[in-house]
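Engineer: My structure is below; once you've seen it, I'll send some questions.
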Amino acid sequence: MSTLLSIAILLGGLVLIYYGANFLTDGASSIARRMQVSSLVIGLTVVAIGTSTPELAVSLSSAIHGKESIALGNIVGSNIFNILAILGVTAIITPLRVGKSTLYAEIPMVFIFSIALILLANDAVVHSATVNSLNRIDGLVLLFFFALFMCYTIYIARKKGTKEMDEAHQPDGDAPKIKVYSWWLSIVMVIGGLVMLVVGGNLFTEGASSIARALGVSESVIGLTLVAVGTSVPELATSIVAARKGEVDMAIGNIVGSNIFNIALILGTTATIRPIKSEGITLLDYGVMLLAVVLIFLFTLFYGKREIKRLEGAALLLVYITYTVWLILQETSTLA
């Protein structure tokens with residue numbers, strides 16, 4: 001594949017992602033209002049599952065074809081990108097008010113799930129094994145965690161009504177009014193938006209990966225960077241669009257839910273179908289993934305009064321840029 005064609009495919013994917021994010025956000029917001037379910041719950045479930053579909057497709061396909069480094073690197077890299085880059089950029093554009101349940105329940109869940117992944121994937125450190133891998137038992141453990149998360153989501157959806165949930169999570173001030181469409185149009189918008197996001201994410205990933213391979217970059221770095229960014233572009237577009245339209249809960253719920261789905265559902269499903277060797281993914285990569293969760297918790301709890309402000313968003317983005325530059329420098333020194 002020529003470089004020009006790869007660039008054209010990448011740009012075409014971005015166009016689909018942009019419009020898909022708008023359709024998905026508007027349709028999901030409309031459904032949330034009609035079902036009297038909060039934007040947070042919709043963000044944690046429908047939107048998060050939809051925007052995580054590219055990660056599922058890429059990780060599962062990569063593992064089946066023996067490219068475990070891309071499969072695992074895609075998830076670790078996506079979770080890093082989701083928090084440091086997406087929440088960072090979104091907060092720079094629109095400061096994000098974080099609800100109490102998100103701060104004290106959902107973000108700690110991401111932390112616990114991340115710790116679980118690190119312990120399960122690093123057999124050489126934990127069990128003194130010769131090879132690090134996620135086997136089928138590890139996959140079933142992660143799927144069990146996912147089931148617990150879904151039980152929690154159903155619980156909060158039943159416990160609190162739309163008005164109470166939205167008052168608990170929405171930022172202060174007048175948020176833009178959410179337009180409510182008919183049932184059939186709302187569903188079409190969600191499905192159409194998801195299809196555009198998945199197709200656009202795949203095109204972006206294919207174009208970016210082709211360029212990286214032409215440059216001789218290793219699979220683990222491709223997974224941690226280009227593929228991770230490519231499969232996370234739907235989350236980026238959806239969170240920015242949702243935040244700008246006043247759906248801050250959906251923007252944050254999308255990221256938190258996506259990170260949980262990435263670890264528990266996607267890696268759980270992938271490892272159950274085919275065990276994954278975690279070669280090329282270092283403790284530093286896992287450490288940055290964990291650091292990202294700790295940073296948003298600390299920023300929200302101590303510095304922003306449950307708000308991720310522009311300066312804190314810039315700090316998150318700076319950490320991601322520093323990490324990415326380090327990966328590139330390491331890869332460059334290896335190639336040299």
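If you're wondering about the labels, chains in the structure tokens are A, B, ... by order shown, residues count from 1 in each chain, ligands from 1 in order shown.
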Contacts of Ala271 of chain A at 6 Å or less, counting only C-alpha atoms, minus same-chain residues fewer than 3 places along, as an MDAnalysis selection string?
Structural biologist: chainID A and resid 134:136 139 267:268 274:276
Engineer: Can you write out the residues you just picked, keeping N, CA, C and O atoms, as a PDB file, in the first residue's frame?
Structural biologist:
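Dumped to out-v4.pdb:
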ATOM      1  N   LEU A 134      -1.699 -13.927  29.225  1.00  0.00           N
ATOM      2  CA  LEU A 134      -3.064 -13.978  29.734  1.00  0.00           C
ATOM      3  C   LEU A 134      -3.674 -15.268  29.202  1.00  0.00           C
ATOM      4  O   LEU A 134      -3.928 -15.399  28.013  1.00  0.00           O
ATOM      5  N   ASN A 135      -3.884 -16.264  30.093  1.00  0.00           N
ATOM      6  CA  ASN A 135      -4.446 -17.532  29.640  1.00  0.00           C
ATOM      7  C   ASN A 135      -5.965 -17.507  29.750  1.00  0.00           C
ATOM      8  O   ASN A 135      -6.563 -16.489  30.111  1.00  0.00           O
ATOM      9  N   ARG A 136      -6.587 -18.635  29.456  1.00  0.00           N
ATOM     10  CA  ARG A 136      -8.055 -18.696  29.451  1.00  0.00           C
ATOM     11  C   ARG A 136      -8.650 -18.466  30.837  1.00  0.00           C
ATOM     12  O   ARG A 136      -9.714 -17.866  30.972  1.00  0.00           O
ATOM     13  N   GLY A 139      -8.658 -14.873  31.397  1.00  0.00           N
ATOM     14  CA  GLY A 139      -9.734 -14.275  30.616  1.00  0.00           C
ATOM     15  C   GLY A 139     -11.079 -14.412  31.311  1.00  0.00           C
ATOM     16  O   GLY A 139     -11.874 -13.458  31.344  1.00  0.00           O
ATOM     17  N   LEU A 267     -10.263  -7.814  26.654  1.00  0.00           N
ATOM     18  CA  LEU A 267      -9.160  -8.728  26.960  1.00  0.00           C
ATOM     19  C   LEU A 267      -9.682 -10.030  27.542  1.00  0.00           C
ATOM     20  O   LEU A 267      -9.118 -11.094  27.291  1.00  0.00           O
ATOM     21  N   GLY A 268     -10.773  -9.958  28.326  1.00  0.00           N
ATOM     22  CA  GLY A 268     -11.361 -11.179  28.863  1.00  0.00           C
ATOM     23  C   GLY A 268     -11.846 -12.100  27.759  1.00  0.00           C
ATOM     24  O   GLY A 268     -11.569 -13.302  27.762  1.00  0.00           O
ATOM     25  N   ARG A 274      -8.391 -17.116  22.816  1.00  0.00           N
ATOM     26  CA  ARG A 274      -7.008 -17.473  22.490  1.00  0.00           C
ATOM     27  C   ARG A 274      -6.072 -16.805  23.486  1.00  0.00           C
ATOM     28  O   ARG A 274      -6.047 -15.570  23.573  1.00  0.00           O
ATOM     29  N   PRO A 275      -5.308 -17.578  24.272  1.00  0.00           N
ATOM     30  CA  PRO A 275      -4.365 -16.998  25.233  1.00  0.00           C
ATOM     31  C   PRO A 275      -3.422 -15.993  24.567  1.00  0.00           C
ATOM     32  O   PRO A 275      -3.028 -16.162  23.415  1.00  0.00           O
ATOM     33  N   ILE A 276      -3.078 -14.947  25.309  1.00  0.00           N
ATOM     34  CA  ILE A 276      -2.271 -13.857  24.765  1.00  0.00           C
ATOM     35  C   ILE A 276      -0.921 -13.802  25.474  1.00  0.00           C
ATOM     36  O   ILE A 276      -0.862 -13.667  26.708  1.00  0.00           O
TER      37      ILE A 276
END
Engineer: According to DSSP computed on the backbone, where in segment 85-287 of chain A is there strand (DSSP E)? Give the residues as a PDB file with N, CA and C atoms, in the first residue's frame.
Structural biologist:
ATOM      1  N   LEU A  96     -14.361  19.714  32.875  1.00  0.00           N
ATOM      2  CA  LEU A  96     -15.269  18.590  33.103  1.00  0.00           C
ATOM      3  C   LEU A  96     -15.642  18.461  34.579  1.00  0.00           C
ATOM      4  N   ARG A  97     -16.911  18.617  34.874  1.00  0.00           N
ATOM      5  CA  ARG A  97     -17.430  18.411  36.222  1.00  0.00           C
ATOM      6  C   ARG A  97     -17.650  16.916  36.430  1.00  0.00           C
ATOM      7  N   SER A 133       1.815 -14.021  30.166  1.00  0.00           N
ATOM      8  CA  SER A 133       0.683 -14.256  29.268  1.00  0.00           C
ATOM      9  C   SER A 133      -0.638 -14.100  30.016  1.00  0.00           C
ATOM     10  N   LEU A 134      -1.699 -13.927  29.225  1.00  0.00           N
ATOM     11  CA  LEU A 134      -3.064 -13.978  29.734  1.00  0.00           C
ATOM     12  C   LEU A 134      -3.674 -15.268  29.202  1.00  0.00           C
ATOM     13  N   ILE A 276      -3.078 -14.947  25.309  1.00  0.00           N
ATOM     14  CA  ILE A 276      -2.271 -13.857  24.765  1.00  0.00           C
ATOM     15  C   ILE A 276      -0.921 -13.802  25.474  1.00  0.00           C
ATOM     16  N   LYS A 277       0.176 -13.895  24.732  1.00  0.00           N
ATOM     17  CA  LYS A 277       1.504 -13.666  25.296  1.00  0.00           C
ATOM     18  C   LYS A 277       1.743 -12.163  25.366  1.00  0.00           C
TER      19      LYS A 277
END
Engineer: Skip Ile252 of chain A itself and residues of its chain fewer than 2 positions away, then list as a PDB file with C-alpha atoms, in the first residue's frame all residues within 12 Å of it, counting only C-alpha atoms.
Structural biologist:
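Output saved as result-v8.pdb:
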ATOM      1  CA  SER A  39     -26.513  10.353  30.605  1.00  0.00           C
ATOM      2  CA  LEU A  40     -23.909   8.761  32.881  1.00  0.00           C
ATOM      3  CA  VAL A  41     -25.500   5.314  32.592  1.00  0.00           C
ATOM      4  CA  ILE A  42     -25.857   5.678  28.817  1.00  0.00           C
ATOM      5  CA  GLY A  43     -22.220   6.793  28.611  1.00  0.00           C
ATOM      6  CA  LEU A  44     -21.038   3.882  30.768  1.00  0.00           C
ATOM      7  CA  THR A  45     -22.910   1.314  28.683  1.00  0.00           C
ATOM      8  CA  VAL A  47     -21.798   4.695  24.168  1.00  0.00           C
ATOM      9  CA  ALA A  48     -18.804   3.024  25.848  1.00  0.00           C
ATOM     10  CA  ASN A  82      -8.301   7.572  26.766  1.00  0.00           C
ATOM     11  CA  ILE A  83      -7.425   9.232  30.070  1.00  0.00           C
ATOM     12  CA  ILE A  86      -8.816  12.326  25.464  1.00  0.00           C
ATOM     13  CA  LEU A  87      -9.777  13.600  28.916  1.00  0.00           C
ATOM     14  CA  GLY A  88      -6.844  16.005  28.698  1.00  0.00           C
ATOM     15  CA  THR A  90     -11.618  17.492  26.347  1.00  0.00           C
ATOM     16  CA  ALA A  91     -10.879  19.292  29.630  1.00  0.00           C
ATOM     17  CA  THR A  94     -14.467  22.308  28.219  1.00  0.00           C
ATOM     18  CA  PRO A  95     -13.685  21.857  31.940  1.00  0.00           C
ATOM     19  CA  LEU A  96     -15.269  18.590  33.103  1.00  0.00           C
ATOM     20  CA  ARG A  97     -17.430  18.411  36.222  1.00  0.00           C
ATOM     21  CA  VAL A  98     -17.112  14.925  37.742  1.00  0.00           C
ATOM     22  CA  GLY A  99     -20.036  13.399  39.669  1.00  0.00           C
ATOM     23  CA  SER A 101     -20.384   8.295  41.947  1.00  0.00           C
ATOM     24  CA  THR A 102     -17.842   8.660  39.142  1.00  0.00           C
ATOM     25  CA  LEU A 103     -15.185   9.888  41.584  1.00  0.00           C
ATOM     26  CA  GLU A 106     -16.333   4.224  38.712  1.00  0.00           C
ATOM     27  CA  ILE A 107     -12.794   5.675  38.714  1.00  0.00           C
ATOM     28  CA  HIS A 169     -23.628  14.675  37.722  1.00  0.00           C
ATOM     29  CA  GLN A 170     -24.339  17.676  35.516  1.00  0.00           C
ATOM     30  CA  PRO A 171     -22.064  20.727  35.784  1.00  0.00           C
ATOM     31  CA  GLU A 235     -13.851   7.867  22.114  1.00  0.00           C
ATOM     32  CA  LEU A 236     -11.976  11.106  21.419  1.00  0.00           C
ATOM     33  CA  THR A 238     -17.524  11.274  21.082  1.00  0.00           C
ATOM     34  CA  SER A 239     -16.193  12.774  24.325  1.00  0.00           C
ATOM     35  CA  ILE A 240     -15.347  16.131  22.755  1.00  0.00           C
ATOM     36  CA  VAL A 241     -18.691  16.363  20.948  1.00  0.00           C
ATOM     37  CA  ALA A 242     -20.623  15.259  24.050  1.00  0.00           C
ATOM     38  CA  ALA A 243     -18.830  17.760  26.303  1.00  0.00           C
ATOM     39  CA  GLY A 246     -23.357  19.874  27.524  1.00  0.00           C
ATOM     40  CA  GLU A 247     -23.384  16.088  28.002  1.00  0.00           C
ATOM     41  CA  VAL A 248     -20.393  16.071  30.369  1.00  0.00           C
ATOM     42  CA  ASP A 249     -21.583  12.877  32.079  1.00  0.00           C
ATOM     43  CA  MET A 250     -21.669  11.081  28.740  1.00  0.00           C
ATOM     44  CA  ASN A 254     -17.682   7.085  27.776  1.00  0.00           C
ATOM     45  CA  ILE A 255     -14.013   7.125  28.846  1.00  0.00           C
ATOM     46  CA  VAL A 256     -14.476   5.367  32.189  1.00  0.00           C
ATOM     47  CA  GLY A 257     -16.771   2.749  30.659  1.00  0.00           C
ATOM     48  CA  SER A 258     -14.462   2.218  27.678  1.00  0.00           C
ATOM     49  CA  ASN A 259     -11.443   1.591  29.930  1.00  0.00           C
ATOM     50  CA  ILE A 296      -7.555  11.960  37.319  1.00  0.00           C
ATOM     51  CA  GLU A 307     -13.756  19.301  38.211  1.00  0.00           C
ATOM     52  CA  ILE A 308     -10.976  18.596  35.744  1.00  0.00           C
TER      53      ILE A 308
END
Engineer: Pick the closest to Ile49 of chain A from A:Ala124, A:Leu117, A:Ile7, A:Leu24: which is it, counting only C-alpha atoms?
Structural biologist: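 Going through A:Ala124, A:Leu117, A:Ile7, A:Leu24 one by one, the smallest distance to Ile49 of chain A is for A:Leu24.
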Engineer: Interatomic distance between atom CA of Ile93 of chain A and atom CA of Val190 of chain A?
Structural biologist: 24.4 Å
Engineer: List as a PyMOL selection string the protein and nucleic acid residues near Trp326 of chain A, meaning an atom at most 12 Å away when only C-alpha atoms are counted, but skip any in the same chain fewer than 4 places from it.
Structural biologist: chain A and resi 221+225+284-285+288+319-322+330-333
Engineer: For the residues selected in the previous step, produce a file with C-alpha atoms as a PDB file, in the first residue's frame.
Structural biologist:
ATOM      1  CA  VAL A 221       5.025   0.077  19.740  1.00  0.00           C
ATOM      2  CA  THR A 225       0.662   4.117  19.873  1.00  0.00           C
ATOM      3  CA  LEU A 284       6.536   0.967  32.511  1.00  0.00           C
ATOM      4  CA  ASP A 285       3.621   0.757  30.049  1.00  0.00           C
ATOM      5  CA  VAL A 288       1.694   4.695  32.951  1.00  0.00           C
ATOM      6  CA  VAL A 319       2.210  13.265  30.490  1.00  0.00           C
ATOM      7  CA  TYR A 320       0.914  11.438  27.406  1.00  0.00           C
ATOM      8  CA  ILE A 321       3.186  13.378  25.059  1.00  0.00           C
ATOM      9  CA  THR A 322       6.184  12.659  27.314  1.00  0.00           C
ATOM     10  CA  GLN A 330      13.427   3.904  22.639  1.00  0.00           C
ATOM     11  CA  GLU A 331      12.264   2.506  19.314  1.00  0.00           C
ATOM     12  CA  THR A 332      14.669   4.756  17.412  1.00  0.00           C
ATOM     13  CA  SER A 333      17.622   3.654  19.534  1.00  0.00           C
TER      14      SER A 333
END
Engineer: From the DSSP assignment of the backbone, select every residue of segment 48-257 of chain A that is alpha helix (DSSP H), and format the answer as a ChimeraX atom specification.
Structural biologist: /A:48-64,68-80,88-93,100-101,107-121,123-126,136-159,162-169,183-214,219-222,228-244,248-257
Engineer: Taking only C-alpha atoms into account, which of A:Ala264, A:Leu203, A:Leu298, A:Val233 comes nearest Leu5 of chain A?
Structural biologist: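 Looking only at the distances to Leu5 of chain A, the closest residue turns out to be A:Leu203.
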Engineer: I'd like to know which of A:Ser59, A:Thr300, A:Ser52, A:Asn79 is closest to Val195 of chain A, using only C-alpha atoms.
Structural biologist: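 For Val195 of chain A, the nearest of the candidates is A:Ser52.
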Engineer: Which neighbours of Val294 of chain A fall inside 12 Å, counting only C-alpha atoms, when residues of the same chain fewer than 2 positions from it are skipped, and could you give them as a VMD selection string?
Structural biologist: chain A and resid 80 83 to 84 103 107 to 112 114 to 115 287 to 292 296 to 302 316
Engineer: Record the distance separating atom CA of Val76 of chain A and atom CA of Ala228 of chain A, expressed in Å with one decimal.
Structural biologist: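 Atom-to-atom, atom CA of Val76 of chain A to atom CA of Ala228 of chain A, that is 7.9 Å.
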Engineer: Quick check, in Å to one decimal: how far apart do atom CA of Leu143 of chain A and atom CA of Ala63 of chain A lie?
Structural biologist: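 We find that atom CA of Leu143 of chain A and atom CA of Ala63 of chain A lie 17.1 Å from each other.
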Engineer: Could you check which of A:Phe261, A:Phe113, A:Tyr19, A:Phe144 is closest to Tyr286 of chain A, using only C-alpha atoms?
Structural biologist: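 Of A:Phe261, A:Phe113, A:Tyr19, A:Phe144, the one nearest Tyr286 of chain A, counting only C-alpha atoms, is A:Phe113.
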Engineer: Can you pull out every residue within 7 Å of Ser278 of chain A, counting only C-alpha atoms, but drop anything in the same chain fewer than 2 positions away, and send it as a PyMOL selection string?
Structural biologist: chain A and resi 68-69+72+121+132-133+276+280-281
